[in-house]
file protein.cif (mmCIF, C-alpha atoms and all ligand atoms)
data_coords
#
loop_
_atom_site.group_PDB
_atom_site.id
_atom_site.type_symbol
_atom_site.label_atom_id
_atom_site.label_comp_id
_atom_site.auth_asym_id
_atom_site.auth_seq_id
_atom_site.Cartn_x
_atom_site.Cartn_y
_atom_site.Cartn_z
ATOM 1 C CA MET F 1 127.566 56.619 32.854
ATOM 2 C CA SER F 2 128.564 52.995 32.203
ATOM 3 C CA THR F 3 129.234 50.632 35.111
ATOM 4 C CA SER F 4 132.972 50.567 34.359
ATOM 5 C CA ASP F 5 133.129 54.391 34.312
ATOM 6 C CA SER F 6 131.139 54.483 37.578
ATOM 7 C CA LEU F 7 133.676 52.132 39.175
ATOM 8 C CA VAL F 8 136.574 54.339 38.045
ATOM 9 C CA VAL F 9 134.921 57.518 39.414
ATOM 10 C CA ALA F 10 133.908 55.801 42.682
ATOM 11 C CA GLY F 11 137.519 54.638 43.119
ATOM 12 C CA LEU F 12 138.830 58.173 42.528
ATOM 13 C CA ILE F 13 136.396 59.676 45.062
ATOM 14 C CA GLU F 14 137.335 57.019 47.621
ATOM 15 C CA ARG F 15 141.078 57.601 47.114
ATOM 16 C CA ILE F 16 140.726 61.388 47.341
ATOM 17 C CA GLY F 17 138.779 60.942 50.599
ATOM 18 C CA ARG F 18 141.432 58.604 51.988
ATOM 19 C CA LEU F 19 144.301 60.953 51.062
ATOM 20 C CA THR F 20 142.518 63.868 52.716
ATOM 21 C CA ARG F 21 141.713 61.920 55.878
ATOM 22 C CA ALA F 22 145.294 60.607 56.086
ATOM 23 C CA ARG F 23 146.478 64.114 57.062
ATOM 24 C CA GLU F 24 143.691 64.659 59.548
ATOM 25 C CA ALA F 25 145.818 64.078 62.624
ATOM 26 C CA ALA F 26 147.150 67.605 62.019
ATOM 27 C CA GLY F 27 146.513 70.118 64.782
ATOM 28 C CA GLY F 28 145.846 67.386 67.323
ATOM 29 C CA LEU F 29 142.303 66.730 66.050
ATOM 30 C CA ASN F 30 140.842 63.492 64.771
ATOM 31 C CA PRO F 31 138.904 63.350 61.450
ATOM 32 C CA ALA F 32 135.454 63.679 63.123
ATOM 33 C CA GLN F 33 136.636 66.722 65.097
ATOM 34 C CA TRP F 34 137.932 68.390 61.912
ATOM 35 C CA GLU F 35 134.678 67.675 60.097
ATOM 36 C CA ALA F 36 132.548 69.058 62.941
ATOM 37 C CA LEU F 37 134.710 72.189 63.231
ATOM 38 C CA ARG F 38 134.607 72.743 59.454
ATOM 39 C CA TYR F 39 130.832 72.260 59.353
ATOM 40 C CA LEU F 40 130.195 74.647 62.263
ATOM 41 C CA SER F 41 132.393 77.356 60.695
ATOM 42 C CA ARG F 42 130.153 77.300 57.609
ATOM 43 C CA ALA F 43 126.721 76.665 59.160
ATOM 44 C CA ASN F 44 124.077 79.381 59.561
ATOM 45 C CA ALA F 45 122.400 80.359 62.828
ATOM 46 C CA PHE F 46 119.601 77.773 62.339
ATOM 47 C CA SER F 47 122.087 74.926 61.936
ATOM 48 C CA ARG F 48 124.648 75.148 64.728
ATOM 49 C CA SER F 49 123.021 72.686 67.135
ATOM 50 C CA PRO F 50 124.482 69.330 68.263
ATOM 51 C CA SER F 51 121.709 67.474 66.399
ATOM 52 C CA ALA F 52 122.484 69.318 63.136
ATOM 53 C CA VAL F 53 126.170 68.355 63.477
ATOM 54 C CA ALA F 54 125.141 64.705 64.035
ATOM 55 C CA ASP F 55 122.910 64.796 60.945
ATOM 56 C CA PHE F 56 125.659 66.369 58.819
ATOM 57 C CA LEU F 57 128.245 63.804 59.916
ATOM 58 C CA ALA F 58 125.675 60.995 59.535
ATOM 59 C CA THR F 59 126.365 59.795 63.067
ATOM 60 C CA THR F 60 124.510 59.465 66.363
ATOM 61 C CA ARG F 61 123.854 62.228 68.900
ATOM 62 C CA GLY F 62 125.911 60.274 71.480
ATOM 63 C CA THR F 63 128.967 59.972 69.236
ATOM 64 C CA VAL F 64 128.840 63.604 68.181
ATOM 65 C CA SER F 65 128.515 64.746 71.756
ATOM 66 C CA GLN F 66 131.991 63.257 72.530
ATOM 67 C CA THR F 67 133.394 65.107 69.513
ATOM 68 C CA LEU F 68 131.845 68.408 70.618
ATOM 69 C CA ILE F 69 133.013 67.990 74.230
ATOM 70 C CA ALA F 70 136.581 67.442 72.951
ATOM 71 C CA LEU F 71 136.443 70.546 70.731
ATOM 72 C CA GLU F 72 135.041 72.630 73.584
ATOM 73 C CA GLY F 73 137.770 71.327 75.899
ATOM 74 C CA LYS F 74 140.432 72.438 73.403
ATOM 75 C CA GLY F 75 138.923 75.930 73.341
ATOM 76 C CA LEU F 76 137.894 75.627 69.677
ATOM 77 C CA LEU F 77 134.115 75.712 70.256
ATOM 78 C CA ARG F 78 131.812 77.699 72.547
ATOM 79 C CA LYS F 79 128.444 76.325 73.611
ATOM 80 C CA SER F 80 125.623 78.639 74.713
ATOM 81 C CA VAL F 81 121.842 78.614 75.122
ATOM 82 C CA SER F 82 120.125 79.006 71.776
ATOM 83 C CA ASP F 83 118.354 82.347 71.217
ATOM 84 C CA ARG F 84 115.766 80.556 69.080
ATOM 85 C CA ASP F 85 115.092 77.573 71.326
ATOM 86 C CA ARG F 86 115.829 78.154 75.008
ATOM 87 C CA ARG F 87 115.934 74.367 75.620
ATOM 88 C CA GLY F 88 118.603 73.843 72.960
ATOM 89 C CA ALA F 89 122.266 74.739 72.554
ATOM 90 C CA THR F 90 124.029 76.699 69.870
ATOM 91 C CA LEU F 91 127.673 76.114 68.997
ATOM 92 C CA ASP F 92 130.075 78.801 67.787
ATOM 93 C CA VAL F 93 133.625 78.286 66.568
ATOM 94 C CA THR F 94 135.975 80.420 68.681
ATOM 95 C CA ASP F 95 138.721 82.654 67.276
ATOM 96 C CA ALA F 96 141.208 79.863 68.111
ATOM 97 C CA GLY F 97 139.065 77.394 66.115
ATOM 98 C CA LEU F 98 138.885 79.733 63.127
ATOM 99 C CA LYS F 99 142.655 80.254 63.280
ATOM 100 C CA LEU F 100 143.233 76.488 63.314
ATOM 101 C CA LEU F 101 140.983 76.094 60.270
ATOM 102 C CA ARG F 102 142.813 78.910 58.455
ATOM 103 C CA THR F 103 146.292 77.554 59.152
ATOM 104 C CA LEU F 104 146.141 73.762 59.488
ATOM 105 C CA ASP F 105 142.957 72.415 57.875
ATOM 106 C CA PRO F 106 144.005 69.142 56.163
ATOM 107 C CA ALA F 107 141.295 69.688 53.521
ATOM 108 C CA ASP F 108 143.174 72.736 52.178
ATOM 109 C CA ASP F 109 145.267 70.598 49.806
ATOM 110 C CA LEU F 110 142.085 69.326 48.191
ATOM 111 C CA VAL F 111 140.640 72.851 47.973
ATOM 112 C CA ARG F 112 143.843 74.059 46.270
ATOM 113 C CA ALA F 113 143.833 71.148 43.802
ATOM 114 C CA LEU F 114 140.195 71.898 42.900
ATOM 115 C CA ALA F 115 140.932 75.617 42.536
ATOM 116 C CA ASN F 116 143.290 74.780 39.657
ATOM 117 C CA LEU F 117 140.459 73.315 37.567
ATOM 118 C CA PRO F 118 138.993 75.405 34.722
ATOM 119 C CA PRO F 119 135.751 77.109 35.937
ATOM 120 C CA LEU F 120 133.515 75.059 33.621
ATOM 121 C CA HIS F 121 134.978 71.778 34.909
ATOM 122 C CA ALA F 122 134.450 72.927 38.490
ATOM 123 C CA THR F 123 130.789 73.837 37.822
ATOM 124 C CA LEU F 124 130.077 70.526 36.085
ATOM 125 C CA MET F 125 131.842 68.598 38.839
ATOM 126 C CA ALA F 126 129.839 70.385 41.555
ATOM 127 C CA GLN F 127 126.578 69.620 39.738
ATOM 128 C CA ALA F 128 127.507 65.976 39.166
ATOM 129 C CA LEU F 129 128.658 65.400 42.766
ATOM 130 C CA SER F 130 125.502 67.091 44.111
ATOM 131 C CA ARG F 131 123.407 64.636 42.104
ATOM 132 C CA VAL F 132 125.430 61.697 43.407
ATOM 133 C CA LEU F 133 125.039 62.950 46.981
ATOM 134 C CA GLY F 134 121.289 63.407 46.422
ATOM 135 C CA ALA F 135 120.960 59.827 45.149
ATOM 136 C CA LEU F 136 122.877 58.470 48.170
ATOM 137 C CA LEU F 137 120.727 60.475 50.603
ATOM 138 C CA GLU F 138 117.577 59.225 48.921
ATOM 139 C CA ALA F 139 118.779 55.630 49.174
ATOM 140 C CA ARG F 140 120.023 55.820 52.766
ATOM 141 C CA GLY F 141 118.005 58.675 54.238
ATOM 142 C CA GLY F 142 119.496 61.840 55.651
ATOM 143 C CA LYS F 143 119.247 65.584 55.316
ATOM 144 C CA ALA F 144 120.423 67.324 52.165
ATOM 145 C CA PHE F 145 121.955 70.463 53.734
ATOM 146 C CA GLY F 146 122.698 73.323 51.363
ATOM 147 C CA ALA F 147 122.914 77.093 51.005
ATOM 148 C CA CYS F 148 119.938 79.422 50.520
ATOM 149 C CA ALA F 149 120.250 80.203 46.795
ATOM 150 C CA ALA F 150 118.653 76.888 45.728
ATOM 151 C CA CYS F 151 116.249 76.489 48.691
ATOM 152 C CA ARG F 152 112.528 76.642 48.075
ATOM 153 C CA ASN F 153 112.079 78.878 51.135
ATOM 154 C CA PHE F 154 114.495 81.556 49.934
ATOM 155 C CA ALA F 155 113.105 84.908 48.784
ATOM 156 C CA ARG F 156 115.825 86.952 47.105
ATOM 157 C CA ASP F 157 115.770 90.723 47.661
ATOM 158 C CA ALA F 158 112.545 90.510 49.691
ATOM 159 C CA PHE F 159 113.574 93.664 51.556
ATOM 160 C CA PRO F 160 114.738 96.012 48.781
ATOM 161 C CA ASP F 161 115.009 98.892 51.264
ATOM 162 C CA GLY F 162 117.658 96.848 53.127
ATOM 163 C CA ALA F 163 115.609 96.473 56.360
ATOM 164 C CA GLY F 164 117.638 93.659 57.895
ATOM 165 C CA GLY F 165 117.844 91.660 54.655
ATOM 166 C CA PRO F 166 118.047 92.030 51.787
ATOM 167 C CA HIS F 167 116.854 88.406 51.526
ATOM 168 C CA ARG F 168 114.232 86.467 53.514
ATOM 169 C CA CYS F 169 113.819 82.904 54.789
ATOM 170 C CA GLY F 170 110.170 81.875 54.475
ATOM 171 C CA ARG F 171 110.594 78.834 56.674
ATOM 172 C CA PHE F 172 111.922 80.739 59.703
ATOM 173 C CA ASP F 173 110.276 84.044 58.741
ATOM 174 C CA ALA F 174 113.620 85.792 59.162
ATOM 175 C CA PRO F 175 115.676 88.303 57.195
ATOM 176 C CA LEU F 176 118.967 87.048 55.751
ATOM 177 C CA THR F 177 122.054 89.062 54.887
ATOM 178 C CA ALA F 178 124.028 88.133 51.765
ATOM 179 C CA GLU F 179 126.679 86.521 54.015
ATOM 180 C CA GLU F 180 124.072 84.437 55.903
ATOM 181 C CA ALA F 181 122.492 83.321 52.621
ATOM 182 C CA ALA F 182 125.800 81.769 51.537
ATOM 183 C CA LEU F 183 126.140 79.591 54.669
ATOM 184 C CA THR F 184 125.145 75.919 55.028
ATOM 185 C CA CYS F 185 121.624 75.268 56.375
ATOM 186 C CA ALA F 186 120.265 72.103 57.984
ATOM 187 C CA ALA F 187 116.702 73.047 56.967
ATOM 188 C CA PHE F 188 117.570 73.415 53.267
ATOM 189 C CA GLU F 189 114.819 72.142 50.955
ATOM 190 C CA GLU F 190 115.430 71.825 47.257
HETATM 191 S S1 LIG O 1 115.931 79.837 52.961
HETATM 192 FE FE1 LIG O 1 116.182 77.609 53.194
HETATM 193 S S2 LIG O 1 118.417 77.321 53.292
HETATM 194 FE FE2 LIG O 1 118.021 79.501 53.707
HETATM 195 S S3 LIG O 1 117.833 79.691 55.941
HETATM 196 FE FE3 LIG O 1 115.762 79.349 55.135
HETATM 197 S S4 LIG O 1 115.430 77.127 55.240
HETATM 198 FE FE4 LIG O 1 117.624 77.485 55.411
#
call {"tool": "encode", "arguments": {"input": "protein.cif", "output": "structure tokens", "more": "lines below"}}
Ligand code: SF4
result
Amino acid sequence: MSTSDSLVVAGLIERIGRLTRAREAAGGLNPAQWEALRYLSRANAFSRSPSAVADFLATTRGTVSQTLIALEGKGLLRKSVSDRDRRGATLDVTDAGLKLLRTLDPADDLVRALANLPPLHATLMAQALSRVLGALLEARGGKAFGACAACRNFARDAFPDGAGGPHRCGRFDAPLTAEEAALTCAAFEE
């Protein structure tokens, strides 16, 4: 892509982000609270810790802790002791949080606008934006995050008899249902 085309695309991405964030006072949440709630509603069981939220939002543990305390105080998040790591915490979006996301998420306008694109455009756009994100993460550092299908630790249909799977995560040595395999993971490795 030429430099002038890159500038045009960068400007479009920036404007889309600004338009989306401009509505993020909806529901009484600030933009960071919406982003944390959205992330946690899509994250798998290995990725719902305060540190994973901080990594996803590219912010500090201290800043994210204020965001999580506010969400918990509004009854949108529940914090409990992690089953995997008894010293850590796991965060679950409550029914009230899921309802808020279903009814008032300011990102819905963007999702609807994207849903009107022809399927081929959407696929190409997802691939192109993933490459851009990868380049930014390489330059600045940070975790990739992603869903199981493209992760090097994912074994598809490892349990053909359906014993807890059908899929398997090699990294955590754990079975994965089809629903779990579609969620966002902080330990994703391309
Ligand atoms: S296979 Fe990869 S993306 Fe899926 S749970 Fe395991 S580490 Fe995470």
call {"tool": "residues_around", "arguments": {"input": "protein.cif", "residues": "F:Gly62", "least_positions_apart": "4", "cutoff": "10 Å", "atoms": "all atoms listed in the file", "output": "PDB file with C-alpha atoms, keeping the file's coordinate frame"}}
result
ATOM      1  CA  PRO F  50     124.482  69.330  68.263  1.00  0.00           C
ATOM      2  CA  SER F  51     121.709  67.474  66.399  1.00  0.00           C
ATOM      3  CA  ALA F  54     125.141  64.705  64.035  1.00  0.00           C
ATOM      4  CA  GLN F  66     131.991  63.257  72.530  1.00  0.00           C
ATOM      5  CA  THR F  67     133.394  65.107  69.513  1.00  0.00           C
TER       6      THR F  67
END
call {"tool": "residues_near_ligand", "arguments": {"input": "protein.cif", "ligand": "ligand LIG 1 (chain O)", "cutoff": "12 Å", "atoms": "all atoms listed in the file", "output": "VMD selection string"}}
result
chain F and resid 43 to 48 143 to 156 158 167 to 190
call {"tool": "atom_distance", "arguments": {"input": "protein.cif", "atom1": "atom CA of F:Arg140", "atom2": "atom CA of F:Leu37"}}
result
24.4 Å
call {"tool": "atom_distance", "arguments": {"input": "protein.cif", "atom1": "atom CA of F:Ser65", "atom2": "atom CA of F:Gly28"}}
result
18.1 Å
call {"tool": "atom_distance", "arguments": {"input": "protein.cif", "atom1": "atom CA of F:Pro119", "atom2": "atom CA of F:Gly165"}}
result
29.7 Å
call {"tool": "closest_residue", "arguments": {"input": "protein.cif", "among": "F:Ile13, F:Ala70, F:Val8, F:Leu19", "to": "F:Met125", "atoms": "all atoms listed in the file"}}
result
F:Ile13
call {"tool": "closest_residue", "arguments": {"input": "protein.cif", "among": "F:Ala113, F:Ala128, F:Leu98, F:Leu137", "to": "F:Arg42", "atoms": "all atoms listed in the file"}}
result
F:Leu98
call {"tool": "closest_residue", "arguments": {"input": "protein.cif", "among": "F:Arg87, F:Arg38, F:Arg131, F:Ala115", "to": "F:Lys99", "atoms": "all atoms listed in the file"}}
result
F:Arg38
call {"tool": "closest_residue", "arguments": {"input": "protein.cif", "among": "F:Val64, F:Gly73, F:Trp34, F:Leu100", "to": "F:Arg21", "atoms": "all atoms listed in the file"}}
result
F:Trp34
call {"tool": "closest_residue", "arguments": {"input": "protein.cif", "among": "F:Leu91, F:Ala22, F:Ala139, F:Val132", "to": "F:Ser6", "atoms": "all atoms listed in the file"}}
result
F:Val132
call {"tool": "closest_residue", "arguments": {"input": "protein.cif", "among": "F:Tyr39, F:Ser49, F:Gly17, F:Ala107", "to": "F:Val81", "atoms": "only C-alpha atoms"}}
result
F:Ser49
call {"tool": "axis_aligned_box", "arguments": {"input": "protein.cif", "around": "stretch 11-26 of chain F", "padding_each_side": "6 Å", "output": "lines of an AutoDock Vina configuration file"}}
result
center_x = 141.8
center_y = 61.1
center_z = 52.6
size_x = 22.8
size_y = 25.0
size_z = 32.1
call {"tool": "resolve_selection", "arguments": {"input": "protein.cif", "expression": "the PyMOL selection byres (((chain F and resi 94) around 10) and not hetatm)", "output": "list in words"}}
result
Leu37, Ser41, Glu72, Gly75, Leu76, Leu77, Arg78, Lys79, Leu91, Asp92, Val93, Asp95, Ala96, Gly97, Leu98, Lys99 and Leu100 of chain F
call {"tool": "decode", "arguments": {"input": "protein.cif", "residues": "stretch 18-129 of chain F", "atoms": "C-alpha atoms", "output": "CSV table (one decimal), in the first residue's frame"}}
result
chain,number,residue,atom,x,y,z
F,18,ARG,CA,-13.7,8.3,17.5
F,19,LEU,CA,-17.4,7.9,16.3
F,20,THR,CA,-17.7,4.7,18.3
F,21,ARG,CA,-16.2,6.1,21.4
F,22,ALA,CA,-18.3,9.3,21.2
F,23,ARG,CA,-21.4,7.2,22.1
F,24,GLU,CA,-19.7,5.4,24.9
F,25,ALA,CA,-21.3,7.4,27.7
F,26,ALA,CA,-24.4,5.2,27.1
F,27,GLY,CA,-25.5,3.1,30.0
F,28,GLY,CA,-23.6,5.2,32.5
F,29,LEU,CA,-20.2,3.5,31.6
F,30,ASN,CA,-17.1,5.2,30.4
F,31,PRO,CA,-15.2,3.8,27.3
F,32,ALA,CA,-12.7,1.7,29.4
F,33,GLN,CA,-15.6,0.1,31.3
F,34,TRP,CA,-17.4,-0.8,28.1
F,35,GLU,CA,-14.2,-2.2,26.6
F,36,ALA,CA,-13.5,-4.3,29.7
F,37,LEU,CA,-17.1,-5.6,29.9
F,38,ARG,CA,-17.1,-6.4,26.2
F,39,TYR,CA,-13.7,-8.2,26.5
F,40,LEU,CA,-14.8,-10.3,29.5
F,41,SER,CA,-18.1,-11.3,27.8
F,42,ARG,CA,-16.0,-12.9,25.0
F,43,ALA,CA,-13.0,-14.2,26.9
F,44,ASN,CA,-12.5,-17.9,27.7
F,45,ALA,CA,-11.9,-19.4,31.2
F,46,PHE,CA,-8.1,-18.9,30.9
F,47,SER,CA,-8.4,-15.2,30.1
F,48,ARG,CA,-10.8,-13.7,32.6
F,49,SER,CA,-8.3,-12.4,35.1
F,50,PRO,CA,-7.5,-8.7,35.9
F,51,SER,CA,-4.1,-9.0,34.3
F,52,ALA,CA,-5.6,-10.4,31.1
F,53,VAL,CA,-8.0,-7.4,31.0
F,54,ALA,CA,-5.1,-5.0,31.5
F,55,ASP,CA,-3.1,-6.7,28.7
F,56,PHE,CA,-6.1,-6.5,26.3
F,57,LEU,CA,-6.7,-2.9,27.0
F,58,ALA,CA,-3.0,-2.1,26.9
F,59,THR,CA,-3.1,-0.4,30.2
F,60,THR,CA,-1.6,-0.9,33.7
F,61,ARG,CA,-2.9,-3.3,36.4
F,62,GLY,CA,-3.6,-0.3,38.7
F,63,THR,CA,-5.7,1.5,36.1
F,64,VAL,CA,-7.7,-1.6,35.2
F,65,SER,CA,-8.4,-2.3,38.8
F,66,GLN,CA,-10.3,1.0,39.1
F,67,THR,CA,-12.3,0.0,36.0
F,68,LEU,CA,-13.1,-3.5,37.4
F,69,ILE,CA,-14.1,-2.1,40.8
F,70,ALA,CA,-16.5,0.3,39.2
F,71,LEU,CA,-18.1,-2.5,37.1
F,72,GLU,CA,-18.4,-4.8,40.1
F,73,GLY,CA,-20.0,-1.9,42.1
F,74,LYS,CA,-22.6,-1.5,39.3
F,75,GLY,CA,-23.4,-5.2,39.6
F,76,LEU,CA,-22.2,-5.9,36.0
F,77,LEU,CA,-19.2,-8.1,37.0
F,78,ARG,CA,-18.7,-10.8,39.6
F,79,LYS,CA,-15.2,-11.6,41.0
F,80,SER,CA,-14.4,-15.0,42.5
F,81,VAL,CA,-11.4,-17.1,43.4
F,82,SER,CA,-10.0,-18.7,40.3
F,83,ASP,CA,-10.5,-22.5,40.0
F,84,ARG,CA,-7.2,-22.8,38.1
F,85,ASP,CA,-5.0,-20.5,40.3
F,86,ARG,CA,-6.2,-20.2,43.9
F,87,ARG,CA,-4.1,-17.1,44.4
F,88,GLY,CA,-5.8,-15.3,41.4
F,89,ALA,CA,-9.2,-14.0,40.6
F,90,THR,CA,-11.6,-14.8,37.8
F,91,LEU,CA,-14.2,-12.3,36.5
F,92,ASP,CA,-17.6,-13.2,35.2
F,93,VAL,CA,-20.0,-10.8,33.5
F,94,THR,CA,-23.3,-11.0,35.4
F,95,ASP,CA,-26.8,-11.3,33.8
F,96,ALA,CA,-27.2,-7.5,34.2
F,97,GLY,CA,-23.9,-7.0,32.4
F,98,LEU,CA,-24.9,-9.3,29.6
F,99,LYS,CA,-28.2,-7.5,29.3
F,100,LEU,CA,-26.5,-4.1,29.1
F,101,LEU,CA,-24.2,-5.4,26.4
F,102,ARG,CA,-27.2,-6.8,24.4
F,103,THR,CA,-29.3,-3.6,24.7
F,104,LEU,CA,-27.0,-0.6,24.9
F,105,ASP,CA,-23.5,-1.5,23.6
F,106,PRO,CA,-22.3,1.6,21.7
F,107,ALA,CA,-20.2,-0.6,19.4
F,108,ASP,CA,-23.4,-2.1,18.0
F,109,ASP,CA,-23.7,0.6,15.3
F,110,LEU,CA,-20.3,-0.4,14.0
F,111,VAL,CA,-21.2,-4.1,14.1
F,112,ARG,CA,-24.3,-3.4,12.1
F,113,ALA,CA,-22.4,-1.3,9.5
F,114,LEU,CA,-19.9,-4.1,9.1
F,115,ALA,CA,-22.6,-6.7,8.7
F,116,ASN,CA,-23.8,-4.9,5.6
F,117,LEU,CA,-20.5,-5.6,3.8
F,118,PRO,CA,-20.4,-8.4,1.2
F,119,PRO,CA,-18.9,-11.5,2.8
F,120,LEU,CA,-15.7,-11.4,0.7
F,121,HIS,CA,-15.0,-7.8,1.7
F,122,ALA,CA,-15.5,-8.7,5.4
F,123,THR,CA,-13.1,-11.6,5.2
F,124,LEU,CA,-10.4,-9.5,3.4
F,125,MET,CA,-10.9,-6.6,5.9
F,126,ALA,CA,-10.5,-9.0,8.9
F,127,GLN,CA,-7.3,-10.4,7.4
F,128,ALA,CA,-5.9,-7.0,6.6
F,129,LEU,CA,-6.8,-5.5,10.0
